[in-house]
Amino acid sequence: MTTVTVNSFNGLTSGTYEYPIILHELVVNNQGTKPLTVTIATRRRDIASFTIAPGETFDERVQRFSKVKVEADGLYYGLVRRGSDAFWGAEYLD
């Protein structure tokens with residue numbers, strides 16, 4: 001599947017990033033000195049969590065999601081991607 005970058009995010013502390021469409025891929029780079037935890041979710045439930053070590057990048061196709069929760073105590077940045085032909089709204093996720 002060809003993907004399109006939808007949006008980027010960054011921070012120094014924990015944050016939640018919600019999107020109005022279904023997403024398929026997640027990229028997060030941990031530039032801090034401590035591990036961080038990223039959880040992908042729908043509007044109603046958490047789907048999966050990933051721990052990213054300092055200096056590491058997570059770049060994966062994951063289960064469909066519309067929300068990203070980051071638990072961090074240090075600098076990180078990330079982006080979310082969707083399939084180039086997928087324009088379903090987040091209301092279609094359970």
# chains A, B, ... in the order shown; residues from 1 in each chain; ligands from 1
call {"tool": "residues_around", "arguments": {"residues": "Leu26 in chain A", "least_positions_apart": "5", "cutoff": "6 Å", "atoms": "only C-alpha atoms", "output": "list in words"}}
result
Asp59, Glu60 and Val80 of chain A
call {"tool": "write_last_selection", "arguments": {"atoms": "C-alpha atoms", "output": "PDB file, in the first residue's frame"}}
result
ATOM      1  CA  ASP A  59       8.528   3.028  12.069  1.00  0.00           C
ATOM      2  CA  GLU A  60       5.840   0.409  11.495  1.00  0.00           C
ATOM      3  CA  VAL A  80       1.305   9.337  11.208  1.00  0.00           C
TER       4      VAL A  80
END
call {"tool": "residues_around", "arguments": {"residues": "range 6-23 of chain A", "least_positions_apart": "5", "cutoff": "6 Å", "atoms": "only C-alpha atoms", "output": "PyMOL selection string"}}
result
chain A and resi 64-82+88-90
call {"tool": "atom_distance", "arguments": {"atom1": "CA of Ala53 in chain A", "atom2": "CA of Ile40 in chain A"}}
result
17.3 Å
call {"tool": "closest_residue", "arguments": {"among": "A:Val4, A:Val38, A:Val62, A:Val28", "to": "Phe50 in chain A", "atoms": "only C-alpha atoms"}}
result
A:Val38
call {"tool": "select_by_dssp", "arguments": {"residues": "chain A", "states": "strand (DSSP E)", "output": "number ranges by chain"}}
result
A: 3-30, 36-41, 46-52, 57-83
call {"tool": "atom_distance", "arguments": {"atom1": "CA of Gly32 in chain A", "atom2": "CA of Thr51 in chain A"}}
result
12.9 Å
call {"tool": "atom_distance", "arguments": {"atom1": "CA of Pro35 in chain A", "atom2": "CA of Phe58 in chain A"}}
result
12.1 Å
call {"tool": "closest_residue", "arguments": {"among": "A:Gly83, A:Thr2, A:Glu25, A:Thr33", "to": "Glu56 in chain A", "atoms": "only C-alpha atoms"}}
result
A:Thr33
